[in-house]
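protein.cif follows; it contains mmCIF, C-alpha atoms.
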```cif
data_start
loop_
_atom_site.label_atom_id
_atom_site.label_comp_id
_atom_site.auth_asym_id
_atom_site.auth_seq_id
_atom_site.Cartn_x
_atom_site.Cartn_y
_atom_site.Cartn_z
CA MET A 1 15.94 40.74 13.98
CA THR A 2 18.91 38.62 12.89
CA MET A 3 19.61 35.16 14.30
CA LYS A 4 22.58 36.58 16.20
CA GLN A 5 20.48 39.39 17.69
CA SER A 6 17.68 37.05 18.72
CA PHE A 7 20.12 34.65 20.40
CA THR A 8 21.81 37.57 22.14
CA ALA A 9 18.48 38.90 23.37
CA LEU A 10 17.46 35.45 24.58
CA GLY A 11 20.61 35.06 26.60
CA ALA A 12 21.44 38.64 27.57
CA GLY A 13 22.95 39.01 30.98
CA LEU A 14 23.51 35.31 31.53
CA ALA A 15 27.05 34.93 30.24
CA LEU A 16 28.48 35.32 33.73
CA ALA A 17 26.20 32.61 35.05
CA LEU A 18 27.26 30.40 32.18
CA ALA A 19 30.88 30.92 33.07
CA MET A 20 30.67 30.76 36.83
CA GLY A 21 27.63 28.71 37.80
CA ALA A 22 28.51 26.77 40.92
CA GLN A 23 26.30 23.73 40.40
CA ALA A 24 26.30 21.50 37.33
CA GLN A 25 22.86 21.22 35.74
CA CYS A 26 21.18 21.38 32.37
CA LEU A 27 21.88 24.86 31.05
CA SER A 28 18.88 27.17 31.07
CA ASP A 29 17.24 28.36 27.86
CA GLY A 30 18.98 31.70 28.31
CA GLU A 31 22.39 30.13 28.80
CA VAL A 32 21.93 27.98 25.72
CA GLY A 33 20.87 31.11 23.85
CA VAL A 34 24.20 32.71 24.78
CA LEU A 35 26.03 29.63 23.53
CA ALA A 36 24.12 29.67 20.23
CA SER A 37 24.79 33.38 19.81
CA HIS A 38 28.52 32.78 20.08
CA TYR A 39 28.26 29.83 17.68
CA SER A 40 26.58 32.15 15.17
CA SER A 41 29.09 34.97 15.58
CA LYS A 42 32.09 32.59 15.72
CA THR A 43 33.28 34.14 18.96
CA PRO A 44 34.32 32.12 22.03
CA ALA A 45 31.51 31.51 24.51
CA PRO A 46 31.98 31.54 28.28
CA ASN A 47 32.71 28.13 29.75
CA PHE A 48 30.05 26.41 31.82
CA PRO A 49 30.38 24.03 34.81
CA ALA A 50 31.20 20.35 34.36
CA LEU A 51 27.98 18.53 33.41
CA SER A 52 26.58 15.09 34.14
CA ASP A 53 25.64 12.80 31.25
CA ALA A 54 21.95 13.65 31.65
CA ASP A 55 22.59 17.39 31.81
CA GLY A 56 24.91 17.24 28.81
CA ALA A 57 22.17 15.47 26.82
CA CYS A 58 19.55 17.96 27.99
CA THR A 59 21.74 20.91 27.00
CA ARG A 60 22.54 19.34 23.61
CA ALA A 61 18.82 18.96 22.89
CA LYS A 62 18.20 22.65 23.61
CA PHE A 63 21.24 23.73 21.60
CA ASN A 64 20.16 21.64 18.61
CA VAL A 65 16.73 23.27 18.57
CA LEU A 66 18.44 26.63 18.08
CA LEU A 67 20.92 25.26 15.53
CA ALA A 68 18.11 23.70 13.52
CA SER A 69 16.31 27.06 13.36
CA SER A 70 19.19 28.45 11.30
CA LEU A 71 20.99 25.44 9.83
CA GLY A 72 17.93 23.45 8.78
CA LYS A 73 17.93 19.79 7.82
CA VAL A 74 19.83 17.11 9.74
CA VAL A 75 21.95 15.11 7.26
CA GLY A 76 23.58 12.74 9.74
CA TYR A 77 25.29 12.31 13.07
CA LYS A 78 28.79 12.34 14.48
CA ALA A 79 30.29 10.07 17.08
CA GLY A 80 32.87 11.95 19.10
CA LEU A 81 35.45 10.99 21.70
CA THR A 82 35.74 7.54 20.10
CA ASN A 83 39.54 7.62 20.37
CA PRO A 84 40.97 6.81 23.85
CA ALA A 85 43.60 9.56 23.50
CA VAL A 86 40.89 12.14 22.81
CA GLN A 87 38.74 10.75 25.63
CA LYS A 88 41.63 11.29 28.02
CA ARG A 89 41.91 14.90 26.90
CA PHE A 90 38.30 15.48 27.98
CA ARG A 91 38.44 13.31 31.10
CA THR A 92 35.95 10.68 30.02
CA ASP A 93 35.93 7.00 29.08
CA LYS A 94 33.05 6.89 26.59
CA PRO A 95 31.94 8.46 23.32
CA VAL A 96 29.41 11.23 22.79
CA TRP A 97 27.28 12.21 19.78
CA GLY A 98 26.01 15.24 17.89
CA LYS A 99 24.02 16.12 14.79
CA LEU A 100 25.32 17.08 11.35
CA TYR A 101 23.36 19.72 9.43
CA GLU A 102 22.95 20.55 5.78
CA GLY A 103 25.93 22.44 4.38
CA MET A 104 28.40 21.20 6.98
CA VAL A 105 30.00 18.65 4.62
CA GLN A 106 32.01 20.32 1.84
CA PRO A 107 33.85 18.65 -1.07
CA SER A 108 37.53 17.76 -0.91
CA GLY A 109 39.76 20.65 -1.92
CA ALA A 110 37.49 23.28 -0.40
CA ALA A 111 39.08 26.53 0.74
CA VAL A 112 37.89 27.31 4.27
CA PRO A 113 38.69 30.35 6.42
CA ALA A 114 41.21 29.46 9.12
CA ALA A 115 38.84 31.22 11.53
CA PHE A 116 35.85 29.10 10.47
CA GLY A 117 34.67 28.92 14.07
CA ALA A 118 35.19 30.30 17.55
CA ARG A 119 37.69 27.58 18.49
CA PRO A 120 38.48 25.92 15.14
CA LEU A 121 40.37 22.65 14.84
CA TYR A 122 40.91 19.93 12.24
CA GLU A 123 41.28 16.16 12.48
CA ALA A 124 41.47 13.04 10.32
CA ASP A 125 38.08 11.34 10.32
CA MET A 126 35.87 9.13 8.15
CA LEU A 127 32.22 9.10 7.10
CA VAL A 128 29.97 6.20 6.22
CA ARG A 129 26.58 6.46 4.49
CA VAL A 130 23.59 4.49 5.74
CA LYS A 131 21.99 2.15 3.16
CA ASP A 132 18.97 0.98 5.13
CA ALA A 133 17.33 1.28 8.53
CA ALA A 134 18.38 -2.22 9.59
CA ILE A 135 21.66 -0.60 10.62
CA ASN A 136 19.92 0.36 13.86
CA HIS A 137 20.05 -3.30 14.88
CA ALA A 138 23.70 -3.87 13.92
CA ARG A 139 25.81 -5.22 16.76
CA THR A 140 29.10 -5.98 14.98
CA PRO A 141 31.26 -4.17 12.39
CA TYR A 142 30.34 -6.81 9.80
CA GLU A 143 26.65 -6.18 10.40
CA VAL A 144 27.28 -2.45 10.00
CA LEU A 145 28.99 -3.12 6.68
CA GLN A 146 25.86 -4.91 5.44
CA HIS A 147 23.78 -1.78 5.98
CA ILE A 148 26.04 1.00 4.65
CA ASP A 149 26.86 1.61 0.99
CA GLN A 150 29.80 4.03 1.19
CA VAL A 151 32.95 4.64 3.20
CA ILE A 152 34.16 8.22 2.70
CA PRO A 153 37.54 9.79 3.59
CA PHE A 154 36.85 12.91 5.66
CA ILE A 155 38.71 15.74 7.37
CA GLU A 156 36.47 17.09 10.07
CA LEU A 157 36.65 20.75 11.05
CA PRO A 158 35.13 20.93 14.53
CA ASP A 159 34.59 24.05 16.61
CA LEU A 160 34.79 23.64 20.38
CA ILE A 161 33.14 27.08 20.80
CA VAL A 162 34.06 27.88 24.41
CA GLN A 163 36.83 30.14 25.69
CA ALA A 164 38.75 27.30 27.34
CA PRO A 165 38.04 23.98 25.55
CA PRO A 166 40.40 21.95 27.83
CA GLN A 167 37.99 22.63 30.69
CA LEU A 168 35.17 20.74 28.96
CA ASN A 169 34.39 17.25 30.21
CA GLY A 170 32.79 14.54 28.07
CA PRO A 171 29.17 15.62 28.67
CA GLY A 172 30.27 19.20 28.05
CA VAL A 173 31.50 18.16 24.60
CA ALA A 174 28.11 16.52 24.02
CA ALA A 175 26.37 19.72 25.15
CA ILE A 176 27.99 21.74 22.32
CA ASN A 177 26.81 19.17 19.75
CA VAL A 178 30.34 17.71 19.75
CA GLY A 179 31.56 20.87 18.07
CA ALA A 180 29.96 20.07 14.71
CA ARG A 181 30.75 22.90 12.29
CA LEU A 182 32.31 21.80 8.96
CA GLY A 183 34.27 19.08 7.19
CA VAL A 184 35.54 18.08 3.76
CA ALA A 185 34.62 14.74 2.21
CA GLY A 186 36.62 12.86 -0.39
CA GLN A 187 35.78 10.26 -3.02
CA PRO A 188 33.44 7.58 -1.63
CA ILE A 189 34.50 3.94 -1.57
CA ALA A 190 31.64 1.61 -2.46
CA VAL A 191 31.04 -1.25 -0.03
CA PRO A 192 31.78 -4.48 -1.92
CA ALA A 193 29.12 -7.11 -2.50
CA THR A 194 30.79 -10.40 -1.56
CA ARG A 195 31.41 -11.71 1.92
CA GLY A 196 35.13 -12.17 1.35
CA GLU A 197 35.59 -8.63 0.01
CA ARG A 198 33.68 -7.24 2.96
CA TYR A 199 35.88 -9.03 5.48
CA ALA A 200 38.93 -7.73 3.60
CA LEU A 201 37.54 -4.20 3.89
CA LEU A 202 36.93 -4.64 7.62
CA ASP A 203 40.51 -5.81 8.08
CA ALA A 204 41.85 -2.86 6.06
CA LEU A 205 39.79 -0.37 8.06
CA GLU A 206 41.22 -1.70 11.30
CA ARG A 207 44.84 -1.91 10.11
CA MET A 208 45.13 1.25 7.97
CA GLU A 209 47.35 4.16 8.96
CA VAL A 210 45.73 7.57 8.56
CA GLN A 211 48.21 10.36 7.94
CA LEU A 212 47.78 14.13 7.94
CA THR A 213 50.40 16.00 5.90
CA ASN A 214 50.94 19.61 4.82
CA ASP A 215 51.55 20.95 1.31
CA LYS A 216 55.23 20.04 1.59
CA GLY A 217 54.39 16.43 2.41
CA GLU A 218 55.53 16.85 6.01
CA LEU A 219 53.73 14.67 8.52
CA LEU A 220 51.46 16.65 10.86
CA ALA A 221 49.83 13.74 12.70
CA SER A 222 48.83 10.13 12.23
CA GLY A 223 46.77 7.35 13.73
CA LYS A 224 45.57 3.81 13.10
CA GLY A 225 42.15 2.52 12.17
CA SER A 226 42.00 0.60 15.41
CA ASP A 227 42.38 3.86 17.37
CA ILE A 228 38.60 4.29 17.00
CA LEU A 229 37.06 1.77 19.43
CA GLY A 230 39.32 -1.01 18.19
CA GLN A 231 37.56 -1.03 14.78
CA PRO A 232 36.16 2.15 13.18
CA LEU A 233 32.73 0.67 12.46
CA ASN A 234 32.27 0.00 16.18
CA ALA A 235 31.50 3.73 16.31
CA VAL A 236 28.37 3.09 14.26
CA VAL A 237 27.28 0.27 16.57
CA TRP A 238 27.71 2.57 19.56
CA LEU A 239 26.01 5.53 17.88
CA ALA A 240 22.93 3.60 16.76
CA GLN A 241 22.35 2.36 20.29
CA ALA A 242 22.96 5.79 21.84
CA LEU A 243 20.54 7.47 19.44
CA GLN A 244 17.83 4.91 20.13
CA GLN A 245 17.99 5.80 23.82
CA GLU A 246 16.63 9.19 22.74
CA ASP A 247 14.12 7.74 20.24
CA ILE A 248 16.23 8.63 17.21
CA THR A 249 16.99 6.10 14.47
CA LEU A 250 19.48 6.26 11.62
CA GLN A 251 17.79 6.55 8.23
CA PRO A 252 18.87 5.68 4.65
CA GLY A 253 21.15 8.40 3.31
CA ASP A 254 22.30 9.59 6.73
CA LEU A 255 26.00 10.29 7.06
CA VAL A 256 27.86 9.11 10.15
CA SER A 257 31.16 10.64 11.24
CA LEU A 258 33.19 7.99 13.07
CA GLY A 259 35.54 10.16 15.13
CA SER A 260 39.18 11.16 15.22
CA PHE A 261 42.11 9.09 14.00
CA SER A 262 44.46 11.97 14.83
CA PRO A 263 44.96 14.63 17.49
CA LEU A 264 42.86 17.78 17.09
CA LEU A 265 45.07 20.46 15.55
CA PRO A 266 44.60 24.23 15.09
CA PRO A 267 44.38 25.57 11.52
CA ARG A 268 46.26 28.61 10.26
CA ALA A 269 45.87 30.73 7.14
CA GLY A 270 47.88 29.42 4.21
CA LEU A 271 47.99 25.83 5.47
CA GLY A 272 46.94 23.00 3.19
CA VAL A 273 46.14 19.64 4.82
CA THR A 274 45.85 16.23 3.19
CA ALA A 275 44.54 13.07 4.84
CA THR A 276 45.81 9.81 3.37
CA TYR A 277 44.47 6.37 4.29
CA VAL A 278 47.47 4.10 3.89
CA GLY A 279 46.45 0.47 3.49
CA LEU A 280 42.80 1.13 2.59
CA PRO A 281 42.27 0.01 -1.02
CA GLY A 282 40.47 2.56 -3.19
CA ALA A 283 40.90 5.42 -0.71
CA ARG A 284 41.96 8.64 -2.37
CA PRO A 285 43.47 11.47 -0.31
CA VAL A 286 41.14 14.22 0.90
CA GLN A 287 42.30 17.83 1.15
CA VAL A 288 41.37 21.14 2.75
CA HIS A 289 42.99 24.55 2.34
CA PHE A 290 42.81 27.24 5.01
CA LYS A 291 42.69 30.84 3.88
#
```
Entire entry expressed as structure tokens:
Amino acid sequence: MTMKQSFTALGAGLALALAMGAQAQCLSDGEVGVLASHYSSKTPAPNFPALSDADGACTRAKFNVLLASSLGKVVGYKAGLTNPAVQKRFRTDKPVWGKLYEGMVQPSGAAVPAAFGARPLYEADMLVRVKDAAINHARTPYEVLQHIDQVIPFIELPDLIVQAPPQLNGPGVAAINVGARLGVAGQPIAVPATRGERYALLDALERMEVQLTNDKGELLASGKGSDILGQPLNAVVWLAQALQQEDITLQPGDLVSLGSFSPLLPPRAGLGVTATYVGLPGARPVQVHFK
């Protein structure tokens, strides 16, 4: 039996309950099976009721068990809804997190189907790579910088999965593993060794302008470094603490996606997108092409 068939069998007959359940609660195993089946087939899943934080976390845990059965190794984590404008879109005032799996991060210049997911989108983002486990105790952006070794330009390609993504609330976004699907990573920037250089990097990360442009150089969207929690590395501080509440710790080599500098935009076949980090020394543009 294929993964899609097994998920479908697990959740057969429960799609209507998923869409129309009257009371918010952790989704049942069958309902999560339906969700995972749609993730696998890249077809929109029925929406589910607005969830509480606890029920969103419970549903995410179930969903990740099914994702891991097909996607395998966890290579990092993503902080989502770290931008106030994106929080407003999903009617929340705090971030959420999900897991990144092996194969999700592709190299810059990758050609990706425009229909790479059920509800595909793209956004300007950034990755950092964990150097050592002391990052779990970091409480400031400077402390984060001491425990990462790379800053990596990144266009994330999330998939919000459900038929009507605007109906999701914050915990609902958490429940779908924050839409983790794909992304393209550019040339890493090494974290400098000296204190002065590190403070200069922190300042550049906060002040930079991140631009998304098409193949003609036309501006599609833009944002500032400070749009992510006032300073992008604050996303790592938040994420480390949130993970520890569920007995998860960041490990050396883990990748962390910081969130969206730009609005979430829909891809279309034939579109090429470039993210440029204006004001961030050493940052090369990162590109994705939709086919």
Next item on the list: Would you mind listing what lies within 7 Å of Gly109 in chain A as a list in words, with only C-alpha atoms counted and same-chain residues fewer than 2 positions away left out?
Entry: Pro107, Ala111, Gln287, Val288 and His289 of chain A
Evaluate the PyMOL selection byres ((chain A and resi 215) around 7) and record the selected residues as a PDB file with C-alpha atoms, keeping the file's coordinate frame, following the chain and residue labels used in the document.
```pdb
ATOM      1  CA  THR A 213      50.400  16.000   5.900  1.00  0.00           C
ATOM      2  CA  ASN A 214      50.940  19.610   4.820  1.00  0.00           C
ATOM      3  CA  LYS A 216      55.230  20.040   1.590  1.00  0.00           C
ATOM      4  CA  GLY A 217      54.390  16.430   2.410  1.00  0.00           C
ATOM      5  CA  GLY A 272      46.940  23.000   3.190  1.00  0.00           C
ATOM      6  CA  VAL A 273      46.140  19.640   4.820  1.00  0.00           C
TER       7      VAL A 273
END
```
With all atoms of range 179-187 of chain A from the file as input, state the centre and edge lengths in Å to one decimal of the axis-aligned box that has 8 Å extra on each side, as lines of an AutoDock Vina configuration file.
```
center_x = 33.3
center_y = 16.6
center_z = 7.5
size_x = 22.7
size_y = 28.6
size_z = 37.1
```
Next item on the list: Please measure the separation of CA of Gly72 in chain A and CA of Pro49 in chain A, giving the value in Å to one decimal.
Entry: 28.9 Å
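Running the PyMOL selection byres ((chain A and resi 45) around 10) on this file leaves Ala15, Leu18, Ala19, Val34, Leu35, Ala36, Ser37, His38, Tyr39, Ser41, Lys42, Thr43, Pro44, Pro46, Asn47, Phe48, Ala118, Arg119, Leu160, Ile161, Val162, Gln163 and Ala164 of chain A selected.
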Working from the structure I just supplied, which lacks atoms in range 169-180 of chain A, can you model all heavy atoms there and output them as a PDB file, in the coordinates of the input?
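This went into out-v1.pdb:
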```
ATOM      1  N   ASN A 169      34.355  18.689  29.995  1.00  0.00           N
ATOM      2  CA  ASN A 169      34.390  17.250  30.210  1.00  0.00           C
ATOM      3  C   ASN A 169      33.597  16.573  29.094  1.00  0.00           C
ATOM      4  O   ASN A 169      33.104  17.243  28.163  1.00  0.00           O
ATOM      5  CB  ASN A 169      33.851  16.886  31.604  1.00  0.00           C
ATOM      6  CG  ASN A 169      32.371  17.222  31.780  1.00  0.00           C
ATOM      7  OD1 ASN A 169      31.741  17.847  30.931  1.00  0.00           O
ATOM      8  ND2 ASN A 169      31.809  16.808  32.906  1.00  0.00           N
ATOM      9  N   GLY A 170      33.478  15.245  29.135  1.00  0.00           N
ATOM     10  CA  GLY A 170      32.790  14.540  28.070  1.00  0.00           C
ATOM     11  C   GLY A 170      31.374  15.031  27.827  1.00  0.00           C
ATOM     12  O   GLY A 170      31.003  15.376  26.689  1.00  0.00           O
ATOM     13  N   PRO A 171      30.520  15.097  28.872  1.00  0.00           N
ATOM     14  CA  PRO A 171      29.170  15.620  28.670  1.00  0.00           C
ATOM     15  C   PRO A 171      29.145  17.068  28.193  1.00  0.00           C
ATOM     16  O   PRO A 171      28.218  17.483  27.491  1.00  0.00           O
ATOM     17  CB  PRO A 171      28.535  15.472  30.055  1.00  0.00           C
ATOM     18  CG  PRO A 171      29.268  14.336  30.695  1.00  0.00           C
ATOM     19  CD  PRO A 171      30.683  14.491  30.216  1.00  0.00           C
ATOM     20  N   GLY A 172      30.172  17.834  28.552  1.00  0.00           N
ATOM     21  CA  GLY A 172      30.270  19.200  28.050  1.00  0.00           C
ATOM     22  C   GLY A 172      30.496  19.230  26.547  1.00  0.00           C
ATOM     23  O   GLY A 172      29.973  20.092  25.839  1.00  0.00           O
ATOM     24  N   VAL A 173      31.295  18.277  26.052  1.00  0.00           N
ATOM     25  CA  VAL A 173      31.500  18.160  24.600  1.00  0.00           C
ATOM     26  C   VAL A 173      30.184  17.778  23.933  1.00  0.00           C
ATOM     27  O   VAL A 173      29.826  18.299  22.869  1.00  0.00           O
ATOM     28  CB  VAL A 173      32.611  17.150  24.293  1.00  0.00           C
ATOM     29  CG1 VAL A 173      32.734  16.922  22.794  1.00  0.00           C
ATOM     30  CG2 VAL A 173      33.945  17.622  24.865  1.00  0.00           C
ATOM     31  N   ALA A 174      29.426  16.869  24.554  1.00  0.00           N
ATOM     32  CA  ALA A 174      28.110  16.520  24.020  1.00  0.00           C
ATOM     33  C   ALA A 174      27.206  17.744  23.976  1.00  0.00           C
ATOM     34  O   ALA A 174      26.462  17.957  23.009  1.00  0.00           O
ATOM     35  CB  ALA A 174      27.477  15.420  24.875  1.00  0.00           C
ATOM     36  N   ALA A 175      27.261  18.564  25.030  1.00  0.00           N
ATOM     37  CA  ALA A 175      26.370  19.720  25.150  1.00  0.00           C
ATOM     38  C   ALA A 175      26.541  20.698  23.994  1.00  0.00           C
ATOM     39  O   ALA A 175      25.570  21.355  23.581  1.00  0.00           O
ATOM     40  CB  ALA A 175      26.622  20.433  26.474  1.00  0.00           C
ATOM     41  N   ILE A 176      27.751  20.816  23.440  1.00  0.00           N
ATOM     42  CA  ILE A 176      27.990  21.740  22.320  1.00  0.00           C
ATOM     43  C   ILE A 176      27.852  21.022  20.981  1.00  0.00           C
ATOM     44  O   ILE A 176      28.429  21.434  19.979  1.00  0.00           O
ATOM     45  CB  ILE A 176      29.354  22.446  22.448  1.00  0.00           C
ATOM     46  CG1 ILE A 176      30.513  21.436  22.426  1.00  0.00           C
ATOM     47  CG2 ILE A 176      29.412  23.293  23.715  1.00  0.00           C
ATOM     48  CD1 ILE A 176      31.898  22.088  22.301  1.00  0.00           C
ATOM     49  N   ASN A 177      27.051  19.932  20.975  1.00  0.00           N
ATOM     50  CA  ASN A 177      26.810  19.170  19.750  1.00  0.00           C
ATOM     51  C   ASN A 177      28.111  18.624  19.173  1.00  0.00           C
ATOM     52  O   ASN A 177      28.305  18.530  17.973  1.00  0.00           O
ATOM     53  CB  ASN A 177      26.082  20.024  18.696  1.00  0.00           C
ATOM     54  CG  ASN A 177      25.487  19.201  17.570  1.00  0.00           C
ATOM     55  OD1 ASN A 177      24.966  18.110  17.790  1.00  0.00           O
ATOM     56  ND2 ASN A 177      25.574  19.715  16.361  1.00  0.00           N
ATOM     57  N   VAL A 178      29.027  18.278  20.089  1.00  0.00           N
ATOM     58  CA  VAL A 178      30.340  17.710  19.750  1.00  0.00           C
ATOM     59  C   VAL A 178      31.093  18.617  18.773  1.00  0.00           C
ATOM     60  O   VAL A 178      31.875  18.159  17.949  1.00  0.00           O
ATOM     61  CB  VAL A 178      30.208  16.269  19.205  1.00  0.00           C
ATOM     62  CG1 VAL A 178      31.540  15.521  19.302  1.00  0.00           C
ATOM     63  CG2 VAL A 178      29.166  15.475  19.998  1.00  0.00           C
ATOM     64  N   GLY A 179      30.813  19.914  18.870  1.00  0.00           N
ATOM     65  CA  GLY A 179      31.560  20.870  18.070  1.00  0.00           C
ATOM     66  C   GLY A 179      31.324  20.791  16.579  1.00  0.00           C
ATOM     67  O   GLY A 179      32.149  21.270  15.792  1.00  0.00           O
ATOM     68  N   ALA A 180      30.211  20.205  16.149  1.00  0.00           N
ATOM     69  CA  ALA A 180      29.960  20.070  14.710  1.00  0.00           C
ATOM     70  C   ALA A 180      29.913  21.436  14.047  1.00  0.00           C
ATOM     71  O   ALA A 180      29.156  22.317  14.458  1.00  0.00           O
ATOM     72  CB  ALA A 180      28.660  19.319  14.473  1.00  0.00           C
TER      73      ALA A 180
END
```
